[in-house]
$ cat run.csv   # CSV, C-alpha atoms and all ligand atoms
chain,number,residue,atom,x,y,z
A,1,MET,CA,-188.5,239.3,13.8
A,2,GLY,CA,-188.5,243.0,13.1
A,3,PHE,CA,-186.1,244.5,10.7
A,4,GLN,CA,-185.4,247.7,8.9
A,5,VAL,CA,-185.2,248.2,5.2
A,6,ILE,CA,-181.6,249.1,4.6
A,7,ARG,CA,-180.9,252.4,2.8
A,8,PHE,CA,-178.0,252.8,0.4
A,9,LYS,CA,-177.1,254.5,-2.8
A,10,ASN,CA,-175.9,252.6,-5.8
A,11,GLU,CA,-173.3,255.1,-7.0
A,12,GLU,CA,-171.8,254.9,-3.5
A,13,ILE,CA,-171.9,251.2,-3.6
A,14,ILE,CA,-169.8,251.2,-6.7
A,15,ALA,CA,-167.5,253.9,-5.6
A,16,ASP,CA,-166.8,252.8,-2.1
A,17,ILE,CA,-168.6,249.7,-0.9
A,18,ASP,CA,-167.0,249.5,2.5
A,19,ASN,CA,-167.9,253.0,3.4
A,20,VAL,CA,-171.5,252.5,2.3
A,21,ILE,CA,-171.7,249.4,4.5
A,22,LYS,CA,-170.4,251.4,7.4
A,23,THR,CA,-173.0,254.1,6.8
A,24,ILE,CA,-175.7,251.5,6.7
A,25,ASN,CA,-174.4,250.1,10.0
A,26,ASP,CA,-174.3,253.5,11.6
A,27,SER,CA,-177.9,254.2,10.6
A,28,ILE,CA,-179.0,250.9,12.0
A,29,MET,CA,-177.2,251.3,15.2
A,30,LYS,CA,-178.3,254.9,15.7
A,31,PRO,CA,-179.8,255.2,19.2
A,32,THR,CA,-183.4,256.4,19.4
A,33,THR,CA,-184.4,258.9,22.1
A,34,SER,CA,-187.8,258.4,23.5
A,35,SER,CA,-190.8,260.7,23.3
A,36,PRO,CA,-194.4,260.1,24.6
A,37,LEU,CA,-195.2,258.0,21.6
A,38,GLY,CA,-191.8,256.5,21.3
A,39,GLY,CA,-190.9,258.3,18.1
A,40,ASP,CA,-187.6,260.3,18.1
A,41,LYS,CA,-188.3,262.5,15.2
A,42,ARG,CA,-190.9,265.2,14.5
A,43,GLY,CA,-191.7,267.3,11.5
A,44,VAL,CA,-190.3,264.9,8.8
A,45,CYS,CA,-191.6,265.9,5.3
A,46,LEU,CA,-192.4,263.0,3.1
A,47,LYS,CA,-193.4,263.3,-0.6
A,48,ILE,CA,-195.1,260.2,-1.7
A,49,ALA,CA,-195.8,259.1,-5.3
A,50,VAL,CA,-199.0,257.1,-5.3
A,51,LEU,CA,-199.3,254.5,-8.0
A,52,ALA,CA,-202.5,252.6,-7.4
A,53,GLY,CA,-202.6,250.7,-10.6
A,54,ASP,CA,-205.3,248.2,-11.6
A,55,GLY,CA,-207.8,245.8,-10.2
A,56,ILE,CA,-208.0,246.1,-6.4
A,57,GLY,CA,-205.1,248.5,-6.4
A,58,PRO,CA,-207.1,251.7,-5.9
A,59,GLU,CA,-209.2,250.2,-3.1
A,60,ILE,CA,-206.3,249.0,-1.0
A,61,MET,CA,-204.2,252.1,-1.8
A,62,GLU,CA,-207.0,254.2,-0.3
A,63,GLN,CA,-206.6,252.4,2.9
A,64,GLY,CA,-202.8,252.6,2.8
A,65,VAL,CA,-202.9,256.3,2.3
A,66,LYS,CA,-205.4,256.8,5.1
A,67,VAL,CA,-203.2,254.9,7.5
A,68,MET,CA,-200.1,256.8,6.3
A,69,SER,CA,-201.9,260.2,6.9
A,70,ALA,CA,-203.1,259.1,10.4
A,71,VAL,CA,-199.6,258.1,11.4
A,72,CYS,CA,-198.1,261.3,10.1
A,73,GLU,CA,-200.7,263.4,11.9
A,74,LYS,CA,-200.0,261.5,15.1
A,75,TYR,CA,-196.2,262.0,14.9
A,76,GLY,CA,-196.3,265.5,13.5
A,77,HIS,CA,-194.9,264.7,10.1
A,78,GLU,CA,-195.9,266.4,6.9
A,79,VAL,CA,-196.9,264.2,4.0
A,80,SER,CA,-197.9,265.1,0.5
A,81,TYR,CA,-199.1,262.7,-2.2
A,82,LYS,CA,-199.0,262.8,-5.9
A,83,GLU,CA,-200.9,260.2,-7.9
A,84,ALA,CA,-199.6,258.8,-11.1
A,85,ILE,CA,-201.0,256.3,-13.6
A,86,CYS,CA,-199.4,252.9,-14.4
A,87,GLY,CA,-200.3,249.5,-15.7
A,88,ALA,CA,-203.4,248.6,-17.7
A,89,HIS,CA,-205.2,251.9,-17.2
A,90,ALA,CA,-202.1,253.8,-18.2
A,91,ILE,CA,-202.1,251.7,-21.4
A,92,ASP,CA,-205.7,252.6,-22.0
A,93,GLU,CA,-205.1,256.3,-21.3
A,94,VAL,CA,-201.8,257.0,-23.0
A,95,GLY,CA,-200.6,253.7,-24.5
A,96,ASP,CA,-197.7,253.2,-22.1
A,97,PRO,CA,-197.8,251.2,-18.8
A,98,PHE,CA,-195.2,253.5,-17.2
A,99,PRO,CA,-195.4,256.9,-18.8
A,100,GLU,CA,-192.6,259.4,-18.6
A,101,GLU,CA,-194.8,261.7,-16.4
A,102,THR,CA,-195.2,258.8,-13.9
A,103,PHE,CA,-191.4,258.2,-13.9
A,104,GLN,CA,-190.8,261.9,-13.2
A,105,THR,CA,-193.3,261.8,-10.3
A,106,CYS,CA,-191.5,258.8,-8.9
A,107,MET,CA,-188.1,260.5,-9.3
A,108,GLU,CA,-189.3,263.7,-7.5
A,109,ALA,CA,-190.8,261.7,-4.6
A,110,ASP,CA,-189.1,260.4,-1.4
A,111,ALA,CA,-190.8,257.1,-1.8
A,112,VAL,CA,-193.3,255.4,-4.1
A,113,LEU,CA,-196.3,253.6,-2.7
A,114,PHE,CA,-197.4,251.1,-5.3
A,115,ALA,CA,-200.4,248.8,-5.3
A,116,SER,CA,-200.7,246.4,-8.2
A,117,VAL,CA,-200.9,246.1,-12.0
A,118,GLY,CA,-202.5,243.6,-14.3
A,119,ASP,CA,-205.7,243.0,-16.3
A,120,PRO,CA,-207.0,239.7,-17.7
A,121,LYS,CA,-207.6,241.3,-21.1
A,122,PHE,CA,-203.9,241.1,-21.6
A,123,ASP,CA,-203.2,237.7,-20.0
A,124,ASN,CA,-204.4,235.4,-22.8
A,125,ASN,CA,-203.2,237.5,-25.7
A,126,PRO,CA,-199.6,236.5,-26.5
A,127,ASN,CA,-199.7,239.0,-29.3
A,128,ALA,CA,-200.5,242.1,-27.2
A,129,LYS,CA,-197.8,244.6,-28.1
A,130,VAL,CA,-197.7,246.1,-24.6
A,131,ARG,CA,-198.6,244.7,-21.3
A,132,PRO,CA,-199.3,246.2,-17.8
A,133,GLU,CA,-196.5,244.1,-16.3
A,134,GLN,CA,-194.0,245.9,-18.6
A,135,GLY,CA,-194.9,249.0,-16.6
A,136,LEU,CA,-193.7,247.4,-13.4
A,137,LEU,CA,-190.5,246.2,-15.1
A,138,ALA,CA,-189.9,249.6,-16.5
A,139,MET,CA,-190.3,251.1,-13.1
A,140,ARG,CA,-187.8,248.7,-11.6
A,141,LYS,CA,-185.3,249.3,-14.3
A,142,LYS,CA,-185.6,253.1,-14.5
A,143,LEU,CA,-185.5,253.5,-10.7
A,144,GLY,CA,-182.6,251.1,-10.5
A,145,LEU,CA,-184.5,248.9,-7.9
A,146,PHE,CA,-182.0,246.1,-7.8
A,147,ALA,CA,-182.8,244.8,-4.3
A,148,ASN,CA,-186.3,243.4,-3.6
A,149,ILE,CA,-186.9,242.7,0.0
A,150,ARG,CA,-189.7,240.2,0.6
A,151,PRO,CA,-190.2,239.1,4.2
A,152,VAL,CA,-192.0,235.8,4.8
A,153,GLU,CA,-193.6,236.1,8.3
A,154,THR,CA,-196.3,234.0,9.9
A,155,PHE,CA,-199.1,235.4,12.0
A,156,ASP,CA,-200.0,233.0,14.7
A,157,CYS,CA,-203.7,233.6,14.4
A,158,LEU,CA,-203.6,232.7,10.7
A,159,ILE,CA,-201.4,229.6,10.8
A,160,HIS,CA,-204.4,227.4,10.3
A,161,LYS,CA,-204.8,229.0,6.8
A,162,SER,CA,-201.4,227.6,5.8
A,163,PRO,CA,-201.5,224.6,3.5
A,164,LEU,CA,-198.6,223.2,5.6
A,165,LYS,CA,-199.0,221.5,9.0
A,166,ASP,CA,-199.2,223.9,11.9
A,167,GLU,CA,-196.0,222.6,13.6
A,168,LEU,CA,-194.0,223.0,10.4
A,169,VAL,CA,-194.9,226.5,9.6
A,170,ARG,CA,-195.1,228.0,13.2
A,171,GLY,CA,-192.2,230.3,13.8
A,172,ALA,CA,-191.2,230.5,10.1
A,173,ASP,CA,-189.7,234.0,9.6
A,174,PHE,CA,-187.3,234.7,6.8
A,175,ILE,CA,-186.5,237.3,4.2
A,176,CYS,CA,-186.0,236.7,0.6
A,177,ILE,CA,-183.6,239.2,-1.0
A,178,ARG,CA,-184.4,239.0,-4.7
A,179,GLU,CA,-182.2,240.6,-7.3
A,180,LEU,CA,-184.6,242.6,-9.4
A,181,THR,CA,-183.0,244.4,-12.3
A,182,GLY,CA,-181.0,241.6,-14.0
A,183,GLY,CA,-181.2,238.1,-15.2
A,184,MET,CA,-183.6,236.7,-17.7
A,185,TYR,CA,-186.1,239.5,-17.1
A,186,PHE,CA,-183.8,242.0,-18.7
A,187,GLY,CA,-181.1,240.0,-20.6
A,188,GLU,CA,-181.0,239.7,-24.4
A,189,LYS,CA,-184.2,238.2,-25.8
A,190,LYS,CA,-185.4,236.8,-29.1
A,191,GLU,CA,-189.0,236.1,-29.7
A,192,GLY,CA,-189.4,234.4,-33.0
A,193,THR,CA,-192.0,232.0,-34.2
A,194,ASP,CA,-189.7,229.0,-34.3
A,195,VAL,CA,-187.0,230.1,-31.8
A,196,ALA,CA,-187.2,232.1,-28.7
A,197,TYR,CA,-184.8,232.7,-25.8
A,198,ASP,CA,-184.1,234.9,-22.8
A,199,THR,CA,-180.6,235.3,-21.5
A,200,ASN,CA,-179.8,235.0,-17.8
A,201,TYR,CA,-177.2,237.8,-17.9
A,202,TYR,CA,-175.4,238.8,-14.7
A,203,THR,CA,-172.3,240.9,-14.1
A,204,ARG,CA,-170.0,240.5,-11.1
A,205,LYS,CA,-171.0,244.0,-9.9
A,206,GLU,CA,-174.7,243.1,-10.0
A,207,VAL,CA,-174.1,239.9,-8.0
A,208,GLU,CA,-171.8,241.5,-5.5
A,209,ARG,CA,-174.0,244.4,-4.6
A,210,ILE,CA,-177.1,242.2,-4.0
A,211,LEU,CA,-175.0,239.8,-1.9
A,212,ARG,CA,-173.7,242.6,0.2
A,213,VAL,CA,-177.3,243.8,0.8
A,214,ALA,CA,-178.2,240.2,1.8
A,215,TYR,CA,-175.2,240.1,4.2
A,216,GLN,CA,-176.4,243.3,5.8
A,217,TYR,CA,-179.8,241.8,6.5
A,218,ALA,CA,-178.2,238.6,7.8
A,219,MET,CA,-176.1,240.7,10.2
A,220,GLN,CA,-179.2,242.3,11.6
A,221,ARG,CA,-181.0,239.0,12.1
A,222,ARG,CA,-180.0,235.5,12.9
A,223,LYS,CA,-176.8,235.6,10.9
A,224,HIS,CA,-177.6,232.9,8.5
A,225,LEU,CA,-177.5,233.4,4.8
A,226,THR,CA,-178.6,230.9,2.2
A,227,VAL,CA,-177.4,231.7,-1.3
A,228,VAL,CA,-179.8,230.0,-3.7
A,229,ASP,CA,-178.6,229.1,-7.2
A,230,LYS,CA,-178.4,226.4,-9.8
A,231,ALA,CA,-174.6,226.2,-10.0
A,232,ASN,CA,-174.7,222.5,-11.0
A,233,VAL,CA,-176.2,223.6,-14.4
A,234,LEU,CA,-176.1,227.3,-15.1
A,235,ALA,CA,-173.0,229.5,-15.8
A,236,SER,CA,-174.7,232.5,-14.3
A,237,SER,CA,-175.2,230.6,-11.1
A,238,ARG,CA,-171.6,229.6,-11.0
A,239,LEU,CA,-170.7,233.3,-11.1
A,240,TRP,CA,-173.1,233.9,-8.2
A,241,ARG,CA,-171.5,231.2,-6.2
A,242,ALA,CA,-167.9,232.2,-7.0
A,243,VAL,CA,-168.6,235.8,-5.9
A,244,ALA,CA,-170.4,234.6,-2.8
A,245,GLN,CA,-167.5,232.4,-1.9
A,246,GLU,CA,-165.1,235.4,-2.3
A,247,ILE,CA,-167.0,237.7,-0.1
A,248,ALA,CA,-168.3,235.3,2.6
A,249,PRO,CA,-165.1,235.5,4.6
A,250,GLN,CA,-165.7,239.2,5.0
A,251,TYR,CA,-168.7,238.3,7.1
A,252,PRO,CA,-167.3,235.8,9.5
A,253,GLU,CA,-170.2,236.1,11.9
A,254,VAL,CA,-172.6,235.0,9.3
A,255,THR,CA,-173.1,231.3,8.5
A,256,THR,CA,-173.3,231.1,4.7
A,257,ASP,CA,-174.8,228.1,3.0
A,258,TYR,CA,-175.4,227.3,-0.7
A,259,MET,CA,-178.5,225.6,-1.9
A,260,TYR,CA,-179.7,224.7,-5.4
A,261,VAL,CA,-183.0,226.3,-6.2
A,262,ASP,CA,-184.9,223.0,-6.6
A,263,ASN,CA,-183.7,221.9,-3.2
A,264,ALA,CA,-184.6,225.3,-1.7
A,265,ALA,CA,-188.1,225.0,-3.1
A,266,MET,CA,-188.4,221.7,-1.4
A,267,ARG,CA,-186.8,222.8,1.9
A,268,MET,CA,-189.2,225.8,2.1
A,269,ILE,CA,-192.1,223.5,2.5
A,270,GLN,CA,-190.3,220.8,4.5
A,271,GLU,CA,-188.7,223.0,7.0
A,272,PRO,CA,-189.4,226.7,6.4
A,273,THR,CA,-187.9,227.6,9.8
A,274,PHE,CA,-184.5,226.6,8.5
A,275,PHE,CA,-184.2,229.9,6.6
A,276,ASP,CA,-183.2,233.3,7.9
A,277,VAL,CA,-182.1,235.4,4.9
A,278,MET,CA,-182.1,233.9,1.4
A,279,VAL,CA,-180.6,235.7,-1.6
A,280,THR,CA,-181.2,234.8,-5.2
A,281,GLU,CA,-181.4,235.9,-8.8
A,282,ASN,CA,-184.5,237.5,-10.3
A,283,THR,CA,-186.4,234.6,-11.8
A,284,PHE,CA,-185.7,232.2,-8.9
A,285,GLY,CA,-186.7,234.9,-6.5
A,286,ASP,CA,-190.0,235.5,-8.3
A,287,ILE,CA,-190.9,231.8,-8.0
A,288,LEU,CA,-189.7,231.2,-4.5
A,289,THR,CA,-191.4,234.3,-3.1
A,290,ASP,CA,-194.8,233.2,-4.3
A,291,GLU,CA,-194.1,229.9,-2.6
A,292,GLY,CA,-193.0,231.7,0.5
A,293,SER,CA,-196.1,233.9,0.6
A,294,CYS,CA,-198.5,231.0,0.4
A,295,ILE,CA,-196.9,228.9,3.1
A,296,THR,CA,-197.6,231.5,5.7
A,297,GLY,CA,-201.3,231.2,4.8
A,298,SER,CA,-201.6,234.9,4.3
A,299,MET,CA,-200.7,236.2,0.8
A,300,GLY,CA,-202.8,239.3,1.4
A,301,LEU,CA,-200.6,240.2,4.4
A,302,LEU,CA,-197.2,240.4,2.9
A,303,PRO,CA,-195.6,243.7,2.0
A,304,SER,CA,-192.3,244.3,0.2
A,305,ALA,CA,-189.8,246.9,-0.5
A,306,SER,CA,-187.7,247.5,-3.6
A,307,THR,CA,-184.6,249.7,-3.2
A,308,GLY,CA,-181.6,250.7,-5.2
A,309,GLU,CA,-180.3,253.7,-7.1
A,310,HIS,CA,-183.3,256.0,-6.9
A,311,THR,CA,-186.6,256.4,-5.1
A,312,PRO,CA,-187.6,253.2,-3.2
A,313,VAL,CA,-190.9,251.5,-3.8
A,314,PHE,CA,-193.1,249.8,-1.3
A,315,GLU,CA,-195.8,247.4,-2.4
A,316,PRO,CA,-197.8,244.4,-1.5
A,317,ILE,CA,-196.4,241.2,-3.0
A,318,HIS,CA,-199.8,240.1,-4.3
A,319,GLY,CA,-201.3,241.0,-7.7
A,320,SER,CA,-204.3,243.0,-8.9
A,321,TRP,CA,-207.0,240.4,-8.3
A,322,PRO,CA,-209.2,241.9,-11.1
A,323,GLN,CA,-212.2,239.7,-10.2
A,324,ALA,CA,-212.5,241.4,-6.8
A,325,LYS,CA,-212.3,244.9,-8.2
A,326,GLY,CA,-214.9,247.2,-6.6
A,327,LEU,CA,-216.3,244.5,-4.3
A,328,ASN,CA,-214.7,245.9,-1.1
A,329,ILE,CA,-213.4,242.4,-0.2
A,330,ALA,CA,-209.7,242.7,-0.9
A,331,ASN,CA,-207.4,242.6,2.1
A,332,PRO,CA,-205.7,246.0,2.6
A,333,LEU,CA,-203.2,244.7,5.2
A,334,ALA,CA,-200.3,244.0,2.8
A,335,GLN,CA,-200.6,247.6,1.5
A,336,ILE,CA,-200.9,249.0,5.0
A,337,LEU,CA,-197.8,247.0,6.1
A,338,SER,CA,-196.0,248.3,3.0
A,339,VAL,CA,-196.5,251.7,4.6
A,340,ALA,CA,-194.9,250.4,7.8
A,341,MET,CA,-191.9,249.3,5.8
A,342,LEU,CA,-191.8,252.8,4.2
A,343,PHE,CA,-191.6,254.4,7.6
A,344,GLU,CA,-188.9,252.0,8.8
A,345,TYR,CA,-186.9,252.7,5.7
A,346,PHE,CA,-186.7,256.4,6.8
A,347,ASP,CA,-185.7,255.2,10.2
A,348,LEU,CA,-189.1,256.2,11.6
A,349,LYS,CA,-189.3,253.0,13.6
A,350,ALA,CA,-192.0,253.9,16.1
A,351,GLU,CA,-194.3,254.9,13.3
A,352,GLY,CA,-193.7,251.5,11.6
A,353,ALA,CA,-194.2,249.7,14.9
A,354,LEU,CA,-197.5,251.4,15.5
A,355,ILE,CA,-198.8,250.2,12.2
A,356,ARG,CA,-197.7,246.7,12.9
A,357,GLU,CA,-199.4,246.9,16.3
A,358,ALA,CA,-202.6,248.1,14.8
A,359,VAL,CA,-202.6,245.4,12.2
A,360,ASN,CA,-202.1,242.7,14.8
A,361,ALA,CA,-204.8,244.2,16.9
A,362,SER,CA,-207.2,244.2,14.0
A,363,LEU,CA,-206.5,240.5,13.4
A,364,ASP,CA,-206.9,239.7,17.1
A,365,ALA,CA,-210.2,241.6,17.2
A,366,ASN,CA,-211.3,239.5,14.2
A,367,VAL,CA,-211.7,242.6,12.1
A,368,ARG,CA,-210.8,240.7,9.0
A,369,THR,CA,-211.6,240.6,5.3
A,370,PRO,CA,-213.5,237.5,4.2
A,371,GLU,CA,-210.6,235.3,3.1
A,372,ILE,CA,-209.2,235.2,6.6
A,373,GLN,CA,-212.4,235.7,8.6
A,374,VAL,CA,-213.0,233.1,11.3
A,375,GLU,CA,-216.1,231.0,10.7
A,376,GLY,CA,-219.2,232.8,11.6
A,377,GLY,CA,-217.3,236.0,12.3
A,378,ALA,CA,-218.7,239.4,11.3
A,379,LYS,CA,-217.9,240.6,7.8
A,380,TYR,CA,-215.5,243.4,7.3
A,381,GLY,CA,-214.7,244.9,3.9
A,382,THR,CA,-211.5,246.6,2.7
A,383,LYS,CA,-212.7,250.0,3.8
A,384,GLU,CA,-213.9,248.9,7.2
A,385,VAL,CA,-210.6,247.2,8.0
A,386,GLY,CA,-208.7,250.3,6.9
A,387,GLU,CA,-211.0,252.5,9.1
A,388,TRP,CA,-210.6,250.3,12.1
A,389,ILE,CA,-206.9,250.6,11.8
A,390,VAL,CA,-207.0,254.3,11.4
A,391,ASN,CA,-209.2,254.6,14.5
A,392,TYR,CA,-206.8,252.4,16.5
A,393,ILE,CA,-203.9,254.7,15.5
A,394,ASN,CA,-205.9,257.9,16.3
A,395,ASN,CA,-206.9,256.6,19.7
A,396,LYS,CA,-203.5,255.3,20.7
A,397,LYS,CA,-202.2,257.1,23.7
B,1,LIG,C1,-193.7,239.9,-8.9
B,1,LIG,C2,-194.6,239.7,-10.1
B,1,LIG,C3,-193.9,240.4,-11.3
B,1,LIG,C4,-192.6,239.7,-11.5
B,1,LIG,C5,-194.8,240.4,-12.6
B,1,LIG,C6,-196.1,241.0,-12.3
B,1,LIG,C7,-194.1,241.0,-13.7
B,1,LIG,O1,-194.8,238.4,-10.3
B,1,LIG,O2,-193.5,241.1,-8.5
B,1,LIG,O3,-193.3,238.9,-8.3
B,1,LIG,O4,-192.5,238.7,-12.2
B,1,LIG,O5,-191.6,240.1,-11.0
B,2,MG,MG,-194.0,237.1,-8.8
$ encode --input "run.csv" --output "C-alpha cells"
Amino acid sequence: MGFQVIRFKNEEIIADIDNVIKTINDSIMKPTTSSPLGGDKRGVCLKIAVLAGDGIGPEIMEQGVKVMSAVCEKYGHEVSYKEAICGAHAIDEVGDPFPEETFQTCMEADAVLFASVGDPKFDNNPNAKVRPEQGLLAMRKKLGLFANIRPVETFDCLIHKSPLKDELVRGADFICIRELTGGMYFGEKKEGTDVAYDTNYYTRKEVERILRVAYQYAMQRRKHLTVVDKANVLASSRLWRAVAQEIAPQYPEVTTDYMYVDNAAMRMIQEPTFFDVMVTENTFGDILTDEGSCITGSMGLLPSASTGEHTPVFEPIHGSWPQAKGLNIANPLAQILSVAMLFEYFDLKAEGALIREAVNASLDANVRTPEIQVEGGAKYGTKEVGEWIVNYINNKK
C-alpha cells in the first residue's frame, strides 16, 4: 500500500496540534492535476545533503544520487547536492562522527540523503571513546528527528527469500512508527565498572506527538493502529498507554489496540498481515524493525524516513556491511527507494511512483544483486542495477 511521508513542524505541533493535523490532512488531500508524466509540479528546487558514511554507503549512495538526478531531469526539477562526512571516516578525519560542519550542511538542506555508518574496528572495543553510531544519534537529536517511519512491505517476487512460510508473509504490509529521540537511547546513563544503567525517560509531550503521527498514518491506510509497549512492567510504558487511551477517542475511525512488545514480536512472525500501523518507543522500535525487515525476505530493499523538527532524513534501514565494501555487490534498492520516499515527502508523488515502478521492473527483469538473484540468473552489481534503473527512468514515456 502506498503512502506519503507526513510533513509537520514540531514547534507547530506543540503550539497548535489540531491545526497542524489539519494542515497535514490538507496536504494529503490536495488534488493533483495531470501532466504527460503524471507529475503536477515543475521546477522544484531541492538542496540535498549527501551523507554517504561508511562501508557500502558510498557505493549505494552513488546509485541513489544518479536516480535522483534522472528523476529531477525528467520532471524539470533542479537539484543540488552537498556532501558531508559522518560516521567512522569522520572520526578518522576530524575525531567527530557528526561534525558541526556536517550538521550545518544538513540544516541548510531541504532533505538529507543518508546511507550507513559503522566500522568493525569499533564494534569489539567497549573502551572506544567515540563510535560511528554516535554520529547517527547526534544527527537524530540535533535535527529533532523524533518520528522514524519504517515501512515493512513484501515484494511478491522475493517472498521465497523470507524465512517465514509463503502463505504467512504474502500480503504483509505495515509501517512501524518508531519514536527516535527519546527513551533509553538518550535518557540519563551511568557507565561504571560495577554499575551501569540507561533510563527509559519519556515525557507526555514526546509520547503524544509520536502517537499523533501514528494516527495520521493509520487514517491514510487501513485505520488500524497497534500501540506496542510493556505496560505490565514499565512505568514509561504505562505513560504511553495512558496517553494513547486519552487520545484514541479523537480518532474514532481508527481501531486502536494495545500489545505488549514480547507478544508483538511473536505476532509479527505468526501473523504479520495482522498489522497496519504500529507505534512504539525507541528501543522496542529498533528491535521490532529489524525483525520486520527480515520477515519480508528483503532487508536490502527497505527504505525509511526520519522526520521531525528540522531537515528530514531518508535512509536505508540496513547497516554499512563493511565486508562488502568496494565489491560492487551491495543492493542499492533501499537507497533508491529512500529517494522515492524523499520525493513523496515533498508531495512529488509521480516522481516517487516512477522510482517504485522502475525498482519493480528491475526485479521483474531479474536485474538483481547477488543476494536476491534467481538461481542461474545473470550477475548484476550495485552499479549495474543503478544504471538499469536510471535507463528505465530516462526511457519512460
Ligand atoms: C537503526 C540502527 C541504529 C539504532 C544504530 C546503528 C545506532 O540499529 O537505525 O535501527 O540503534 O537506532
Ligand atoms: Mg536498528
$ residues_near_ligand --input "run.csv" --ligand "ligand MG 2 (chain B)" --cutoff "12 Å" --atoms "only C-alpha atoms and all ligand atoms" --output "number ranges by chain"
A: 116-117, 133, 136-137, 148, 150, 178, 180, 185, 282-294, 299, 304, 316-320
$ write_last_selection --input "run.csv" --atoms "C-alpha atoms" --output "tab-separated table (two decimals), in the frame of the given file"
chain	number	residue	atom	x	y	z
A	116	SER	CA	-200.70	246.40	-8.20
A	117	VAL	CA	-200.90	246.10	-12.00
A	133	GLU	CA	-196.50	244.10	-16.30
A	136	LEU	CA	-193.70	247.40	-13.40
A	137	LEU	CA	-190.50	246.20	-15.10
A	148	ASN	CA	-186.30	243.40	-3.60
A	150	ARG	CA	-189.70	240.20	0.60
A	178	ARG	CA	-184.40	239.00	-4.70
A	180	LEU	CA	-184.60	242.60	-9.40
A	185	TYR	CA	-186.10	239.50	-17.10
A	282	ASN	CA	-184.50	237.50	-10.30
A	283	THR	CA	-186.40	234.60	-11.80
A	284	PHE	CA	-185.70	232.20	-8.90
A	285	GLY	CA	-186.70	234.90	-6.50
A	286	ASP	CA	-190.00	235.50	-8.30
A	287	ILE	CA	-190.90	231.80	-8.00
A	288	LEU	CA	-189.70	231.20	-4.50
A	289	THR	CA	-191.40	234.30	-3.10
A	290	ASP	CA	-194.80	233.20	-4.30
A	291	GLU	CA	-194.10	229.90	-2.60
A	292	GLY	CA	-193.00	231.70	0.50
A	293	SER	CA	-196.10	233.90	0.60
A	294	CYS	CA	-198.50	231.00	0.40
A	299	MET	CA	-200.70	236.20	0.80
A	304	SER	CA	-192.30	244.30	0.20
A	316	PRO	CA	-197.80	244.40	-1.50
A	317	ILE	CA	-196.40	241.20	-3.00
A	318	HIS	CA	-199.80	240.10	-4.30
A	319	GLY	CA	-201.30	241.00	-7.70
A	320	SER	CA	-204.30	243.00	-8.90
$ closest_residue --input "run.csv" --among "A:Ala231, A:Leu225, A:Ala52, A:Met259" --to "Val65 (chain A)" --atoms "only C-alpha atoms"
A:Ala52
$ atom_distance --input "run.csv" --atom1 "CA of Val228 (chain A)" --atom2 "CA of Tyr260 (chain A)"
5.6 Å
$ residues_around --input "run.csv" --residues "Asp257 (chain A)" --least-positions-apart "6" --cutoff "8 Å" --atoms "all atoms listed in the file" --output "PyMOL selection string"
chain A and resi 224-227
$ residues_around --input "run.csv" --residues "region 186-188 of chain A" --least-positions-apart "4" --cutoff "6 Å" --atoms "all atoms listed in the file" --output "list in words"
Gly182, Asp198, Thr199, Asn200 and Tyr201 of chain A
$ atom_distance --input "run.csv" --atom1 "CA of Ala90 (chain A)" --atom2 "CA of Gly53 (chain A)"
8.2 Å
$ closest_atom_pairs --input "run.csv" --of "region 317-373 of chain A" --to "region 66-85 of chain A" --cutoff "12 Å" --atoms "all atoms listed in the file" --output "JSON lines"
{"residue": "A:Pro332", "atom": "CA", "partner": "A:Val67", "partner_atom": "CA", "distance": 10.5}
{"residue": "A:Leu333", "atom": "CA", "partner": "A:Val67", "partner_atom": "CA", "distance": 10.5}
{"residue": "A:Gln335", "atom": "CA", "partner": "A:Val67", "partner_atom": "CA", "distance": 9.8}
{"residue": "A:Ile336", "atom": "CA", "partner": "A:Val67", "partner_atom": "CA", "distance": 6.8}
{"residue": "A:Leu337", "atom": "CA", "partner": "A:Val67", "partner_atom": "CA", "distance": 9.7}
{"residue": "A:Ser338", "atom": "CA", "partner": "A:Met68", "partner_atom": "CA", "distance": 10.0}
{"residue": "A:Val339", "atom": "CA", "partner": "A:Met68", "partner_atom": "CA", "distance": 6.5}
{"residue": "A:Ala340", "atom": "CA", "partner": "A:Met68", "partner_atom": "CA", "distance": 8.4}
{"residue": "A:Met341", "atom": "CA", "partner": "A:Met68", "partner_atom": "CA", "distance": 11.1}
{"residue": "A:Leu342", "atom": "CA", "partner": "A:Met68", "partner_atom": "CA", "distance": 9.4}
{"residue": "A:Phe343", "atom": "CA", "partner": "A:Met68", "partner_atom": "CA", "distance": 8.9}
{"residue": "A:Leu348", "atom": "CA", "partner": "A:Tyr75", "partner_atom": "CA", "distance": 9.7}
{"residue": "A:Lys349", "atom": "CA", "partner": "A:Tyr75", "partner_atom": "CA", "distance": 11.4}
{"residue": "A:Ala350", "atom": "CA", "partner": "A:Tyr75", "partner_atom": "CA", "distance": 9.2}
{"residue": "A:Glu351", "atom": "CA", "partner": "A:Val71", "partner_atom": "CA", "distance": 6.5}
{"residue": "A:Gly352", "atom": "CA", "partner": "A:Val71", "partner_atom": "CA", "distance": 8.9}
{"residue": "A:Ala353", "atom": "CA", "partner": "A:Val71", "partner_atom": "CA", "distance": 10.6}
{"residue": "A:Leu354", "atom": "CA", "partner": "A:Val71", "partner_atom": "CA", "distance": 8.1}
{"residue": "A:Ile355", "atom": "CA", "partner": "A:Val67", "partner_atom": "CA", "distance": 8.0}
{"residue": "A:Arg356", "atom": "CA", "partner": "A:Val67", "partner_atom": "CA", "distance": 11.3}
{"residue": "A:Ala358", "atom": "CA", "partner": "A:Val67", "partner_atom": "CA", "distance": 10.0}
{"residue": "A:Val359", "atom": "CA", "partner": "A:Val67", "partner_atom": "CA", "distance": 10.6}
$ atom_distance --input "run.csv" --atom1 "CA of Ala305 (chain A)" --atom2 "CA of Ala334 (chain A)"
11.4 Å
